[in-house]
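Worksheet for the structure shown next.
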Amino acid sequence: MRGHRTTRTAALLCAALGLTAAVGTASAAPAASPPTAPPGASPVLVDCLWHPQVRPDAFILACGDGNSRLASLKWDHWDARSAKARGVNVVNDCKPYCAAGTFHSYPVVVRLDKAQPWKKDPRTQRYDRIVLEYPAQRPEQFAKVMTYPLWD
């Protein structure tokens, strides 16, 4: 009787370990990797999860709550000095408060510049500043041109 219990316990343990390994392997695979640049290439844009991106089609500006993001980005150029795209800034009006707010889309011109060595990988240059220009309507309390430092 004891032999069957030990064998059954060992079999269950192996099955559990196999299932854990399979689940771990499945969840470890990246969903969709952002485009990246090799060291020494054009600067990158570092996202909220510290992934270097090149010409992303979307970018979260408000990492903490996602209440401001860029979408549908179409890049005119991307080089060692600067990058420029057109797209949409999707912004939550937070009325009456952010959880109950409404997202609105505003056409925007995006400029990146001031490439600096990235602290995570000093061989990689990353853009240090983002400038948003609203050619038409813009969110309340936003100027026609908004300039923000980018995280490192």
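Naming works like this for the structure tokens: A, B, ... for the chains as they're shown, residue 1 at the start of each chain, ligands 1 onward in shown order.
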
Among the residues of segment 38-81 of chain A, find those DSSP assigns to strand (DSSP E) from the backbone and print them as a list in words. Leu45, Val46, Pro52, Gln53, Phe59, Ile60, Ser68, Arg69, Leu70, Ala71, Ser72, Leu73, Lys74, Trp75, Asp76, His77 and Trp78 of chain A

Env of Leu112 of chain A: 10 Å cut, atoms = only C-alpha atoms, seq-sep filter 2 positions within chain, self excluded. Answer as JSON, numbers by chain. {"A": [43, 44, 45, 78, 79, 81, 82, 83, 84, 85, 110, 114, 115, 126, 127, 128, 129, 130, 131, 132, 147, 148, 149, 150]}

Same residues, N, CA, C and O atoms, output as a JSON list (two decimals), in the first residue's frame:
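As written to disk, part_38.json reads:
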```json
[["chain", "number", "residue", "atom", "x", "y", "z"],
["A", 43, "PRO", "N", 18.26, 56.61, -32.15],
["A", 43, "PRO", "CA", 17.74, 56.59, -30.78],
["A", 43, "PRO", "C", 16.42, 55.81, -30.68],
["A", 43, "PRO", "O", 15.73, 55.62, -31.67],
["A", 44, "VAL", "N", 16.12, 55.41, -29.45],
["A", 44, "VAL", "CA", 14.90, 54.67, -29.17],
["A", 44, "VAL", "C", 13.97, 55.54, -28.32],
["A", 44, "VAL", "O", 14.39, 56.53, -27.73],
["A", 45, "LEU", "N", 12.74, 55.14, -28.26],
["A", 45, "LEU", "CA", 11.75, 55.72, -27.37],
["A", 45, "LEU", "C", 11.48, 54.66, -26.31],
["A", 45, "LEU", "O", 11.10, 53.53, -26.64],
["A", 78, "TRP", "N", 12.82, 59.41, -38.54],
["A", 78, "TRP", "CA", 13.36, 58.92, -37.27],
["A", 78, "TRP", "C", 14.86, 58.79, -37.47],
["A", 78, "TRP", "O", 15.31, 57.90, -38.19],
["A", 79, "ASP", "N", 15.63, 59.70, -36.89],
["A", 79, "ASP", "CA", 17.08, 59.63, -37.07],
["A", 79, "ASP", "C", 17.80, 60.02, -35.78],
["A", 79, "ASP", "O", 17.16, 60.17, -34.73],
["A", 81, "ARG", "N", 19.06, 62.74, -34.72],
["A", 81, "ARG", "CA", 18.76, 64.06, -34.15],
["A", 81, "ARG", "C", 17.33, 64.19, -33.64],
["A", 81, "ARG", "O", 17.08, 64.82, -32.61],
["A", 82, "SER", "N", 16.37, 63.61, -34.37],
["A", 82, "SER", "CA", 14.97, 63.81, -34.01],
["A", 82, "SER", "C", 14.07, 62.80, -34.71],
["A", 82, "SER", "O", 14.53, 62.05, -35.58],
["A", 83, "ALA", "N", 12.82, 62.83, -34.33],
["A", 83, "ALA", "CA", 11.80, 62.00, -34.97],
["A", 83, "ALA", "C", 10.51, 62.82, -35.02],
["A", 83, "ALA", "O", 10.28, 63.68, -34.16],
["A", 84, "LYS", "N", 9.69, 62.55, -36.02],
["A", 84, "LYS", "CA", 8.43, 63.29, -36.15],
["A", 84, "LYS", "C", 7.35, 62.35, -36.66],
["A", 84, "LYS", "O", 7.59, 61.55, -37.57],
["A", 85, "ALA", "N", 6.17, 62.46, -36.04],
["A", 85, "ALA", "CA", 5.03, 61.63, -36.44],
["A", 85, "ALA", "C", 3.75, 62.44, -36.35],
["A", 85, "ALA", "O", 3.68, 63.48, -35.68],
["A", 110, "VAL", "N", 3.77, 64.82, -33.27],
["A", 110, "VAL", "CA", 4.68, 64.39, -32.21],
["A", 110, "VAL", "C", 6.11, 64.60, -32.67],
["A", 110, "VAL", "O", 6.47, 64.17, -33.77],
["A", 114, "LYS", "N", 16.60, 65.49, -28.43],
["A", 114, "LYS", "CA", 17.53, 65.49, -27.30],
["A", 114, "LYS", "C", 17.96, 64.08, -26.91],
["A", 114, "LYS", "O", 17.84, 63.66, -25.77],
["A", 115, "ALA", "N", 18.48, 63.34, -27.88],
["A", 115, "ALA", "CA", 18.93, 61.97, -27.62],
["A", 115, "ALA", "C", 20.06, 61.97, -26.58],
["A", 115, "ALA", "O", 20.96, 62.80, -26.64],
["A", 126, "ARG", "N", 18.60, 57.26, -26.37],
["A", 126, "ARG", "CA", 17.14, 57.32, -26.26],
["A", 126, "ARG", "C", 16.71, 58.78, -26.30],
["A", 126, "ARG", "O", 17.43, 59.67, -25.84],
["A", 127, "TYR", "N", 15.56, 59.02, -26.89],
["A", 127, "TYR", "CA", 15.04, 60.38, -26.93],
["A", 127, "TYR", "C", 14.67, 60.82, -25.52],
["A", 127, "TYR", "O", 14.11, 60.05, -24.74],
["A", 128, "ASP", "N", 15.02, 62.06, -25.20],
["A", 128, "ASP", "CA", 14.85, 62.59, -23.85],
["A", 128, "ASP", "C", 13.65, 63.53, -23.72],
["A", 128, "ASP", "O", 13.23, 63.85, -22.62],
["A", 129, "ARG", "N", 13.10, 63.97, -24.87],
["A", 129, "ARG", "CA", 12.01, 64.94, -24.81],
["A", 129, "ARG", "C", 10.99, 64.64, -25.89],
["A", 129, "ARG", "O", 11.34, 64.22, -26.99],
["A", 130, "ILE", "N", 9.71, 64.87, -25.53],
["A", 130, "ILE", "CA", 8.62, 64.73, -26.49],
["A", 130, "ILE", "C", 7.85, 66.05, -26.52],
["A", 130, "ILE", "O", 7.60, 66.66, -25.48],
["A", 131, "VAL", "N", 7.54, 66.49, -27.73],
["A", 131, "VAL", "CA", 6.78, 67.72, -27.93],
["A", 131, "VAL", "C", 5.52, 67.34, -28.69],
["A", 131, "VAL", "O", 5.58, 66.68, -29.73],
["A", 132, "LEU", "N", 4.37, 67.76, -28.15],
["A", 132, "LEU", "CA", 3.08, 67.51, -28.79],
["A", 132, "LEU", "C", 2.54, 68.84, -29.28],
["A", 132, "LEU", "O", 2.45, 69.80, -28.52],
["A", 147, "THR", "N", 5.35, 70.36, -24.04],
["A", 147, "THR", "CA", 6.67, 69.73, -24.03],
["A", 147, "THR", "C", 6.85, 68.97, -22.72],
["A", 147, "THR", "O", 6.57, 69.51, -21.65],
["A", 148, "TYR", "N", 7.31, 67.72, -22.84],
["A", 148, "TYR", "CA", 7.48, 66.87, -21.66],
["A", 148, "TYR", "C", 8.85, 66.18, -21.71],
["A", 148, "TYR", "O", 9.28, 65.73, -22.78],
["A", 149, "PRO", "N", 9.49, 66.03, -20.56],
["A", 149, "PRO", "CA", 10.69, 65.18, -20.52],
["A", 149, "PRO", "C", 10.24, 63.72, -20.57],
["A", 149, "PRO", "O", 9.15, 63.38, -20.11],
["A", 150, "LEU", "N", 11.07, 62.87, -21.14],
["A", 150, "LEU", "CA", 10.77, 61.44, -21.18],
["A", 150, "LEU", "C", 11.58, 60.71, -20.12],
["A", 150, "LEU", "O", 12.66, 61.15, -19.75]]
```

Could you tell me how far atom CA of Ala80 of chain A sits from atom CA of Asp113 of chain A, in Å to one decimal place?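 Result for atom CA of Asp113 of chain A versus atom CA of Ala80 of chain A: 8.6 Å, one decimal.
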